[in-house]
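Participant: Below you'll find start-v4.cif; it's mmCIF, C-alpha atoms and all ligand atoms.
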```cif
data_coords
#
loop_
_atom_site.label_atom_id
_atom_site.label_comp_id
_atom_site.auth_asym_id
_atom_site.auth_seq_id
_atom_site.Cartn_x
_atom_site.Cartn_y
_atom_site.Cartn_z
CA MET A 551 95.41 109.81 172.11
CA SER A 552 92.30 110.99 173.90
CA ASP A 553 92.02 113.92 176.27
CA PRO A 554 92.74 113.19 179.94
CA GLN A 555 90.22 111.21 181.96
CA PRO A 556 88.47 113.21 184.66
CA LEU A 557 90.19 113.31 188.04
CA LYS A 558 89.06 110.92 190.78
CA SER A 559 88.76 112.15 194.37
CA THR A 560 91.67 109.90 195.35
CA ASP A 561 94.01 111.19 192.63
CA ILE A 562 97.19 112.99 193.63
CA ILE A 563 98.83 115.31 191.11
CA SER A 564 102.58 115.39 190.80
CA SER A 565 104.90 116.99 188.23
CA GLY A 566 108.21 118.82 187.87
CA VAL A 567 110.08 121.28 185.67
CA LYS A 568 113.83 121.38 185.05
CA PRO A 569 115.64 124.59 186.07
CA THR A 570 117.44 125.14 182.79
CA GLY A 571 117.45 128.89 182.77
CA ILE A 572 114.16 129.99 181.37
CA LEU A 573 110.59 128.87 181.20
CA HIS A 574 109.33 128.93 177.64
CA TYR A 575 105.95 128.66 175.97
CA GLY A 576 106.35 124.88 175.64
CA ASN A 577 106.70 124.61 179.42
CA TYR A 578 103.74 126.90 180.01
CA PHE A 579 101.21 125.43 177.58
CA GLY A 580 102.54 121.88 177.86
CA ALA A 581 102.63 121.81 181.66
CA ILE A 582 102.30 124.87 183.88
CA ARG A 583 98.89 125.99 182.66
CA GLN A 584 97.61 122.52 183.57
CA TYR A 585 99.36 122.74 186.97
CA ILE A 586 97.37 125.89 187.68
CA GLU A 587 94.11 124.30 186.58
CA LEU A 588 94.68 121.11 188.57
CA GLN A 589 95.78 122.78 191.81
CA ASP A 590 92.06 123.47 192.37
CA ALA A 591 91.10 119.90 191.62
CA GLY A 592 93.08 117.84 194.13
CA GLU A 593 96.19 117.47 196.28
CA ALA A 594 99.15 118.57 194.14
CA PHE A 595 102.97 118.46 194.35
CA TYR A 596 104.87 120.71 191.93
CA PHE A 597 108.63 120.86 192.06
CA ILE A 598 111.76 122.18 190.37
CA VAL A 599 113.93 119.22 189.43
CA ASP A 600 117.45 120.40 190.16
CA TYR A 601 118.81 116.82 190.49
CA HIS A 602 117.58 116.19 186.95
CA ALA A 603 119.29 119.37 185.73
CA LEU A 604 122.65 117.86 186.77
CA THR A 605 122.49 115.62 183.69
CA MET A 606 123.37 118.80 181.76
CA THR A 607 126.28 119.55 184.15
CA PRO A 608 125.47 123.24 184.69
CA PRO A 609 127.99 125.42 186.56
CA PRO A 610 126.90 125.44 190.25
CA ALA A 611 126.21 129.18 190.38
CA GLU A 612 124.02 128.86 187.30
CA LEU A 613 122.05 125.92 188.71
CA ARG A 614 121.48 127.79 191.97
CA ALA A 615 120.32 130.97 190.22
CA ASN A 616 118.12 129.12 187.72
CA THR A 617 116.41 127.10 190.43
CA PHE A 618 115.58 130.26 192.33
CA ARG A 619 114.36 131.97 189.18
CA ILE A 620 111.98 129.14 188.30
CA ALA A 621 110.60 129.33 191.85
CA VAL A 622 109.89 133.02 191.25
CA ASP A 623 108.28 132.19 187.90
CA PHE A 624 106.08 129.46 189.42
CA LEU A 625 104.65 131.97 191.88
CA ALA A 626 104.39 134.79 189.35
CA LEU A 627 102.49 132.59 186.91
CA GLY A 628 99.85 131.70 189.49
CA LEU A 629 100.91 128.53 191.27
CA ASP A 630 99.44 128.92 194.72
CA PRO A 631 101.32 127.59 197.77
CA ASP A 632 98.04 127.47 199.72
CA LYS A 633 96.67 124.97 197.21
CA ALA A 634 99.71 122.96 196.09
CA SER A 635 103.05 122.00 197.64
CA LEU A 636 105.71 123.95 195.71
CA PHE A 637 109.30 122.95 196.38
CA VAL A 638 112.74 122.12 195.05
CA GLN A 639 113.46 118.44 194.33
CA SER A 640 116.78 118.31 196.21
CA ASP A 641 115.05 119.48 199.41
CA VAL A 642 113.59 115.96 199.51
CA PRO A 643 116.73 113.80 199.12
CA GLU A 644 114.69 110.65 199.92
CA VAL A 645 113.72 110.65 196.26
CA THR A 646 117.21 109.50 195.26
CA GLU A 647 116.91 106.51 197.59
CA LEU A 648 113.62 105.52 195.96
CA ALA A 649 115.23 105.96 192.52
CA TRP A 650 117.91 103.43 193.48
CA ILE A 651 115.31 100.94 194.62
CA PHE A 652 113.31 101.53 191.42
CA SER A 653 116.38 101.04 189.21
CA ASN A 654 116.08 97.36 190.11
CA CYS A 655 112.48 97.24 188.90
CA LEU A 656 113.29 98.05 185.25
CA ALA A 657 115.24 96.31 182.51
CA ALA A 658 118.34 98.25 181.42
CA GLY A 659 117.14 97.99 177.78
CA ASP A 660 114.07 100.08 178.60
CA LEU A 661 116.37 102.96 179.51
CA GLU A 662 118.50 102.58 176.38
CA ARG A 663 115.34 103.07 174.33
CA GLY A 664 114.59 106.37 176.16
CA VAL A 665 113.95 109.20 173.69
CA SER A 666 116.19 111.82 175.33
CA TYR A 667 119.06 109.37 175.63
CA LYS A 668 118.68 108.15 172.05
CA ASP A 669 118.29 111.71 170.76
CA ALA A 670 121.51 112.82 172.48
CA LYS A 671 123.37 109.87 170.94
CA GLN A 672 121.97 110.60 167.50
CA ARG A 673 123.19 114.17 167.83
CA GLY A 674 126.69 112.81 168.32
CA GLN A 675 126.84 113.60 172.04
CA THR A 676 128.14 111.23 174.72
CA PRO A 677 125.25 111.14 177.19
CA ASN A 678 126.13 110.53 180.83
CA ALA A 679 124.60 107.82 183.00
CA GLY A 680 122.38 110.48 184.60
CA LEU A 681 120.57 111.05 181.30
CA LEU A 682 120.17 107.30 180.86
CA ASN A 683 118.68 106.95 184.35
CA TYR A 684 116.60 110.13 184.11
CA PRO A 685 113.23 108.30 183.77
CA ILE A 686 113.88 106.31 186.97
CA LEU A 687 114.38 109.43 189.04
CA GLN A 688 111.28 110.84 187.40
CA ALA A 689 109.29 107.75 188.44
CA ALA A 690 110.55 108.21 192.00
CA ASP A 691 109.55 111.89 191.87
CA ILE A 692 106.00 110.98 190.97
CA LEU A 693 105.52 107.96 193.18
CA ILE A 694 107.21 109.13 196.37
CA TYR A 695 104.27 111.54 196.80
CA ARG A 696 101.90 108.70 195.63
CA GLY A 697 101.20 110.78 192.53
CA SER A 698 98.68 109.19 190.16
CA VAL A 699 98.14 112.03 187.67
CA VAL A 700 101.05 113.74 185.93
CA PRO A 701 100.37 116.92 183.91
CA VAL A 702 103.04 117.04 181.19
CA GLY A 703 103.60 117.68 177.50
CA LYS A 704 103.52 114.81 175.04
CA ASP A 705 107.33 114.66 174.97
CA GLN A 706 107.07 113.05 178.40
CA SER A 707 104.65 110.24 177.55
CA GLN A 708 107.40 107.63 177.29
CA ASN A 709 108.70 108.57 180.75
CA ILE A 710 105.21 108.25 182.21
CA GLU A 711 104.95 104.79 180.65
CA ILE A 712 108.22 103.86 182.36
CA ALA A 713 106.90 105.14 185.71
CA THR A 714 103.77 103.04 185.20
CA ARG A 715 105.87 99.97 184.40
CA ILE A 716 108.00 100.52 187.50
CA ALA A 717 104.94 100.93 189.74
CA ASN A 718 103.41 97.71 188.36
CA ARG A 719 106.64 95.77 188.74
CA PHE A 720 107.19 97.04 192.29
CA ASN A 721 103.62 96.09 193.22
CA HIS A 722 103.95 92.68 191.61
CA ARG A 723 107.22 91.96 193.39
CA TYR A 724 106.64 93.48 196.82
CA SER A 725 102.96 94.12 197.43
CA ALA A 726 101.01 91.73 195.23
CA ASP A 727 98.08 91.34 197.66
CA GLU A 728 97.53 95.03 198.13
CA PRO A 729 99.23 97.12 195.39
CA TYR A 730 101.21 99.87 197.13
CA PHE A 731 101.64 102.34 194.25
CA VAL A 732 98.90 103.56 191.95
CA PRO A 733 100.32 103.28 188.40
CA PRO A 734 100.39 106.94 187.29
CA ARG A 735 98.76 108.30 184.15
CA GLY A 736 99.81 111.31 182.11
CA TRP A 737 97.55 114.35 181.90
CA ILE A 738 98.32 115.44 178.37
CA LEU A 739 96.12 117.96 176.55
CA GLU A 740 95.96 117.14 172.86
CA ASP A 741 95.74 120.71 171.54
CA VAL A 742 99.03 121.69 173.21
CA ALA A 743 100.68 118.27 173.23
CA VAL A 744 103.81 119.63 171.53
CA VAL A 745 104.35 123.38 171.30
CA PRO A 746 106.51 124.15 168.25
CA GLY A 747 109.56 126.38 168.51
CA LEU A 748 110.71 129.19 166.23
CA ASP A 749 111.86 126.65 163.65
CA GLY A 750 108.83 124.37 163.83
CA GLN A 751 110.58 121.57 165.79
CA LYS A 752 109.47 120.94 169.39
CA MET A 753 110.20 124.09 171.41
CA SER A 754 113.16 123.14 173.57
CA LYS A 755 116.21 124.74 175.12
CA SER A 756 118.32 122.00 173.56
CA TYR A 757 117.23 123.12 170.08
CA ASP A 758 117.79 126.83 170.75
CA ASN A 759 114.36 127.66 169.34
CA THR A 760 112.51 128.93 172.41
CA ILE A 761 110.56 132.03 173.28
CA ALA A 762 110.81 132.68 177.00
CA ILE A 763 107.63 133.55 178.89
CA PHE A 764 109.33 136.60 180.35
CA GLU A 765 111.43 137.54 177.32
CA GLU A 766 112.72 141.13 177.24
CA PRO A 767 110.53 143.11 174.79
CA GLU A 768 113.27 143.77 172.25
CA VAL A 769 114.42 140.13 172.27
CA LEU A 770 110.82 138.98 171.93
CA ARG A 771 110.41 141.22 168.90
CA LYS A 772 113.59 139.99 167.27
CA LYS A 773 112.69 136.35 167.83
CA VAL A 774 109.14 136.64 166.52
CA MET A 775 110.29 138.62 163.49
CA SER A 776 112.75 135.81 162.70
CA ILE A 777 110.12 133.03 162.59
CA PRO A 778 110.32 131.53 159.09
CA THR A 779 107.10 131.78 157.08
CA ALA A 780 105.92 130.86 153.59
CA SER A 781 106.75 133.33 150.83
CA THR A 782 103.13 134.06 149.96
CA PRO A 783 102.74 137.41 148.10
CA LEU A 784 101.03 140.05 150.27
CA ALA A 785 97.78 140.12 148.28
CA GLU A 786 97.37 136.31 148.32
CA PRO A 787 95.55 134.27 151.02
CA MET A 788 97.88 132.75 153.65
CA ASP A 789 97.49 129.23 155.08
CA PRO A 790 96.92 129.54 158.86
CA ASP A 791 97.09 125.80 159.46
CA ASN A 792 100.67 125.47 158.28
CA ASP A 793 102.11 128.57 159.86
CA HIS A 794 104.04 128.76 163.16
CA VAL A 795 103.03 132.38 163.70
CA PHE A 796 99.36 131.46 163.56
CA GLY A 797 100.04 128.39 165.73
CA LEU A 798 101.38 130.67 168.47
CA ILE A 799 98.56 133.18 167.96
CA SER A 800 96.06 130.36 168.59
CA LEU A 801 97.70 129.59 171.93
CA VAL A 802 97.56 133.09 173.35
CA GLY A 803 94.60 134.74 171.64
CA ASP A 804 90.99 134.44 172.83
CA ASP A 805 88.56 132.60 170.52
CA GLU A 806 87.20 135.74 168.90
CA THR A 807 90.63 137.22 168.19
CA VAL A 808 91.93 133.96 166.76
CA ALA A 809 88.85 133.57 164.51
CA SER A 810 89.21 137.09 163.15
CA ILE A 811 92.96 136.65 162.48
CA ARG A 812 92.22 133.37 160.72
CA GLU A 813 89.79 135.22 158.51
CA SER A 814 92.43 137.86 157.71
CA TYR A 815 94.87 135.09 156.75
CA LEU A 816 92.35 133.48 154.41
CA LYS A 817 91.26 136.76 152.84
CA GLY A 818 94.74 137.83 151.75
CA GLY A 819 96.29 141.29 151.95
CA PHE A 820 97.27 140.70 155.61
CA GLY A 821 100.91 139.67 155.36
CA PHE A 822 103.23 137.85 157.75
CA LYS A 823 104.75 141.08 159.09
CA ARG A 824 101.36 142.15 160.41
CA ALA A 825 100.70 138.66 161.70
CA LYS A 826 103.97 138.80 163.63
CA GLU A 827 103.20 142.24 165.07
CA THR A 828 99.81 140.94 166.21
CA LEU A 829 101.50 137.95 167.82
CA ILE A 830 103.94 140.21 169.73
CA GLU A 831 101.04 142.26 171.09
CA LEU A 832 99.17 139.16 172.16
CA LEU A 833 102.22 137.63 173.83
CA GLU A 834 102.93 140.81 175.77
CA GLY A 835 99.32 141.03 176.93
CA TYR A 836 99.01 137.38 177.91
CA PHE A 837 101.68 137.50 180.60
CA GLY A 838 101.38 141.20 181.53
CA GLU A 839 100.09 140.61 185.06
CA ALA A 840 102.50 137.77 185.74
CA ARG A 841 105.34 140.07 184.67
CA GLU A 842 104.28 142.59 187.33
CA ARG A 843 104.04 139.92 190.04
CA ARG A 844 107.44 138.64 189.01
CA LYS A 845 109.00 142.06 189.53
CA GLU A 846 107.56 142.21 193.06
CA LEU A 847 108.82 138.73 193.92
CA MET A 848 112.29 139.50 192.58
CA ALA A 849 112.38 142.43 194.98
CA ASN A 850 111.36 140.17 197.90
CA PRO A 851 113.46 137.01 197.57
CA GLU A 852 112.86 136.01 201.21
CA VAL A 853 109.16 135.51 200.44
CA VAL A 854 110.08 133.04 197.71
CA ARG A 855 112.53 131.19 199.98
CA ASP A 856 109.95 130.90 202.77
CA VAL A 857 107.24 129.60 200.45
CA MET A 858 109.53 126.97 198.93
CA ALA A 859 110.79 125.90 202.38
CA ALA A 860 107.23 125.40 203.62
CA GLY A 861 106.40 123.39 200.48
CA ALA A 862 109.47 121.21 200.99
CA GLU A 863 108.44 120.47 204.55
CA LYS A 864 105.02 119.20 203.44
CA ALA A 865 106.55 117.18 200.59
CA ARG A 866 109.22 115.68 202.81
CA ALA A 867 106.66 114.52 205.35
CA ARG A 868 104.86 112.56 202.61
CA ALA A 869 108.15 111.23 201.19
CA THR A 870 109.34 110.04 204.61
CA GLU A 871 106.09 108.17 205.11
CA THR A 872 106.39 106.48 201.71
CA MET A 873 110.02 105.51 202.33
CA ARG A 874 109.17 103.97 205.70
CA ASP A 875 106.68 101.68 203.95
CA VAL A 876 108.94 101.00 200.97
CA ARG A 877 111.94 100.07 203.13
CA GLU A 878 109.82 97.59 205.00
CA LEU A 879 108.22 96.16 201.83
CA VAL A 880 111.57 95.53 200.12
CA GLY A 881 113.37 94.25 203.25
CA LEU A 882 115.62 97.22 203.96
CA ASP A 883 114.67 96.86 207.63
CA TRP A 884 117.15 94.29 208.93
CA ARG A 885 116.36 95.12 212.57
CA ASN A 886 113.00 93.42 212.11
CA ALA A 887 114.70 90.12 211.15
P1 LIG B 1 111.39 120.28 181.05
O1 LIG B 1 111.79 121.69 180.79
O2 LIG B 1 111.93 119.31 180.05
O3 LIG B 1 111.55 119.87 182.47
O4 LIG B 1 109.81 120.24 180.79
C1 LIG B 1 108.88 120.72 181.73
C2 LIG B 1 107.49 120.44 181.24
O5 LIG B 1 107.23 121.19 180.06
C3 LIG B 1 107.25 118.98 180.85
O6 LIG B 1 105.98 118.60 181.32
C4 LIG B 1 107.27 118.96 179.36
O7 LIG B 1 106.44 117.97 178.82
C5 LIG B 1 106.73 120.35 179.03
N1 LIG B 1 107.27 120.80 177.74
C6 LIG B 1 108.55 121.17 177.48
N2 LIG B 1 108.67 121.55 176.17
C7 LIG B 1 107.44 121.39 175.60
C8 LIG B 1 106.90 121.61 174.29
N3 LIG B 1 107.65 122.11 173.30
N4 LIG B 1 105.59 121.34 174.07
C9 LIG B 1 104.80 120.86 175.07
N5 LIG B 1 105.24 120.65 176.33
C10 LIG B 1 106.53 120.89 176.61
#
```
Is it possible to express this structure as structure tokens?

Facilitator:
Amino acid sequence: MSDPQPLKSTDIISSGVKPTGILHYGNYFGAIRQYIELQDAGEAFYFIVDYHALTMTPPPAELRANTFRIAVDFLALGLDPDKASLFVQSDVPEVTELAWIFSNCLAAGDLERGVSYKDAKQRGQTPNAGLLNYPILQAADILIYRGSVVPVGKDQSQNIEIATRIANRFNHRYSADEPYFVPPRGWILEDVAVVPGLDGQKMSKSYDNTIAIFEEPEVLRKKVMSIPTASTPLAEPMDPDNDHVFGLISLVGDDETVASIRESYLKGGFGFKRAKETLIELLEGYFGEARERRKELMANPEVVRDVMAAGAEKARARATETMRDVRELVGLDWRNA
């Protein structure tokens, strides 16, 4: 896969994150860092997908608290409500109506081949219909704001393909002369396409292998110290290219630091303990400022609520406009008969 194509002036950016408790490095380097970069490049809609979280049936109090916490984290990390619309998915309930309409623009078999659904089945779980239909709601999320560019990690590429298929089928069926939706494209950066977790698999809450962005210092230390490494003797050279510790160092260190640590690995006499200590220092430094901002926001929850409410208002205005057109295009406007 190649790096993303440059943005066009007509592109609209749209992407969401599930409120499943914590934001981890996979979320940050796979998605949020790109959100921050792209908010300067065009009109952007970034949202917290609490409807999607229901597929995991969280206790209501937990869902509520997690949604709020991700809103705080969005702002602390540098998403700017003056540049992008930041909001919570369920504040724009029109998206579920579009999802229903879209569910008739896709073959059921396409959903059964969905990676998350298949993965849950392979793990012996009994996935609910929400997980099966997840990609349809995601397509509605993107297209209701006329999103054409979707910054995500590589794990989402299949879902973007489904959104593209839905947009094409909708256009073909209902607006062949003048395609209504722009088929969206993923904005996936190759170097961070899949951020590995503590065990080397994709970092994911479902695999219990995450490092949270705002991990408590002692938990961070424990987690980093537990990352499995090769059993290279201290004096011997270590292989940076097959080491999760070095992989994480490359994400958070500046070029010079990473090059000098690579050299230490190759020279030998460095050791994984020192590598891990270096990683902890780098991780703490990388999000130091965001941590401070987060503390302030936690102490002023009304600021967060106001910002998210204003974002929802902007998003809902766009969604209402889209739904007016869509209802007419598909014939859900019987009064005009
Ligand atoms: P989710 O938490 O599944 O809603 O994911 C939110 C965003 O983070 C999506 O764009 C994902 O592609 C991205 N993401 C999650 N985990 C990873 C990972 N391990 N590596 C890269 N991107 C990820």

Participant: If I take CA of Asp883 in chain A and CA of Ser565 in chain A, how far is one from the other in Å, to one decimal?

Facilitator: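 Computed distance, CA of Asp883 in chain A to CA of Ser565 in chain A, equals 29.6 Å.
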
Participant: Which residues form the shell of 8 Å around ligand LIG 1 (chain B) when you count all atoms listed in the file, given as a ChimeraX atom specification?

Facilitator: /A:565-570,573-582,599,701-706,742-747,752-755

Participant: So that I can see what lies close to Thr607 in chain A, please list as a PDB file with C-alpha atoms, in the frame of the given file the residues with an atom at most 12 Å from it, counting all atoms listed in the file and leaving out residues fewer than 2 positions away in the same chain.

Facilitator:
```pdb
ATOM      1  CA  PRO A 569     115.640 124.590 186.070  1.00  0.00           C
ATOM      2  CA  THR A 570     117.440 125.140 182.790  1.00  0.00           C
ATOM      3  CA  ASP A 600     117.450 120.400 190.160  1.00  0.00           C
ATOM      4  CA  TYR A 601     118.810 116.820 190.490  1.00  0.00           C
ATOM      5  CA  HIS A 602     117.580 116.190 186.950  1.00  0.00           C
ATOM      6  CA  ALA A 603     119.290 119.370 185.730  1.00  0.00           C
ATOM      7  CA  LEU A 604     122.650 117.860 186.770  1.00  0.00           C
ATOM      8  CA  THR A 605     122.490 115.620 183.690  1.00  0.00           C
ATOM      9  CA  PRO A 609     127.990 125.420 186.560  1.00  0.00           C
ATOM     10  CA  PRO A 610     126.900 125.440 190.250  1.00  0.00           C
ATOM     11  CA  ALA A 611     126.210 129.180 190.380  1.00  0.00           C
ATOM     12  CA  GLU A 612     124.020 128.860 187.300  1.00  0.00           C
ATOM     13  CA  LEU A 613     122.050 125.920 188.710  1.00  0.00           C
ATOM     14  CA  PRO A 677     125.250 111.140 177.190  1.00  0.00           C
ATOM     15  CA  ASN A 678     126.130 110.530 180.830  1.00  0.00           C
ATOM     16  CA  ALA A 679     124.600 107.820 183.000  1.00  0.00           C
ATOM     17  CA  GLY A 680     122.380 110.480 184.600  1.00  0.00           C
ATOM     18  CA  LEU A 681     120.570 111.050 181.300  1.00  0.00           C
TER      19      LEU A 681
END
```

Participant: In terms of the shortest atom-to-atom distance over only C-alpha atoms, which of A:Val699, A:Leu770, A:Ala859, A:Val665 is closest to Ala621 in chain A?

Facilitator: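 Counting only C-alpha atoms, the residue closest to Ala621 in chain A is A:Ala859.
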
Participant: Out of A:Val769, A:Phe820, A:Met775, A:Val622, which residue has the shortest atom-to-atom distance to Pro790 in chain A when counting only C-alpha atoms?

Facilitator: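 Of all the options, A:Phe820 lies closest to Pro790 in chain A.
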
Participant: May I have the protein, DNA and RNA residues with an atom at most 6 Å from (106.9, 104.9, 189.2), counting only C-alpha atoms in the file's coordinates, returned as a list in words?

Facilitator: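 I get Ala689, Ala690, Leu693, Ala713, Thr714, Ile716 and Ala717 of chain A for the residues within 6 Å of that point.
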
Participant: For Ser559 in chain A, please output as a compact mmCIF listing (two decimals) with C-alpha atoms, in the coordinates of the input all residues within 10 Å (counting all atoms listed in the file; exclusion window: fewer than 4 positions along the same chain).

Facilitator:
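Written file, result.txt:
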```
# COMPACT_ATOMS: atom_id res chain seq x y z
CA ALA A 591 91.10 119.90 191.62
CA GLY A 592 93.08 117.84 194.13
CA GLU A 593 96.19 117.47 196.28
```

Participant: Would you pick out the contacts of range 779-786 of chain A at 7 Å or less, using all atoms listed in the file, so that residues sharing its chain but fewer than 4 positions from it are not included, and give the list as an NGL selection string?

Facilitator: :A and (793 or 818-821)

Participant: Pick out the closest residue to Glu766 in chain A from this set: A:Ile572, A:Ala887, A:Val795, A:Leu661. Count all atoms listed in the file.

Facilitator: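 Nearest candidate to Glu766 in chain A out of A:Ile572, A:Ala887, A:Val795, A:Leu661: A:Ile572.
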
Participant: Which residues are close to Gly628 in chain A, i.e. within 9 Å by all atoms listed in the file, leaving aside same-chain residues fewer than 4 positions away? Reply as a list in words.

Facilitator: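 That gives Arg583, Ile586, Asp623, Phe624 and Ala840 of chain A.
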
Participant: Kindly give the distance, in Å, that separates CA of Glu647 in chain A and CA of Gln688 in chain A, rounded to a single decimal.

Facilitator: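 Atom-to-atom, CA of Glu647 in chain A and CA of Gln688 in chain A are spaced 12.4 Å apart.
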
Participant: Determine, counting all atoms listed in the file, which protein, DNA and RNA residues have an atom within 9 Å of an atom of Leu687 in chain A; residues of the same chain fewer than 2 positions away are not included. Present the result as a list in words.

Facilitator: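 The residues satisfying every condition are Tyr601, His602, Val645, Thr646, Leu648, Ala649, Trp650, Phe652, Ser653, Asn683, Tyr684, Pro685, Ala689, Ala690, Asp691 and Ile692 of chain A.
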
Participant: Would you mind reading off the distance between CA of Ala809 in chain A and CA of Phe796 in chain A, one decimal, in Å?

Facilitator: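 CA of Ala809 in chain A sits 10.8 Å away from CA of Phe796 in chain A.
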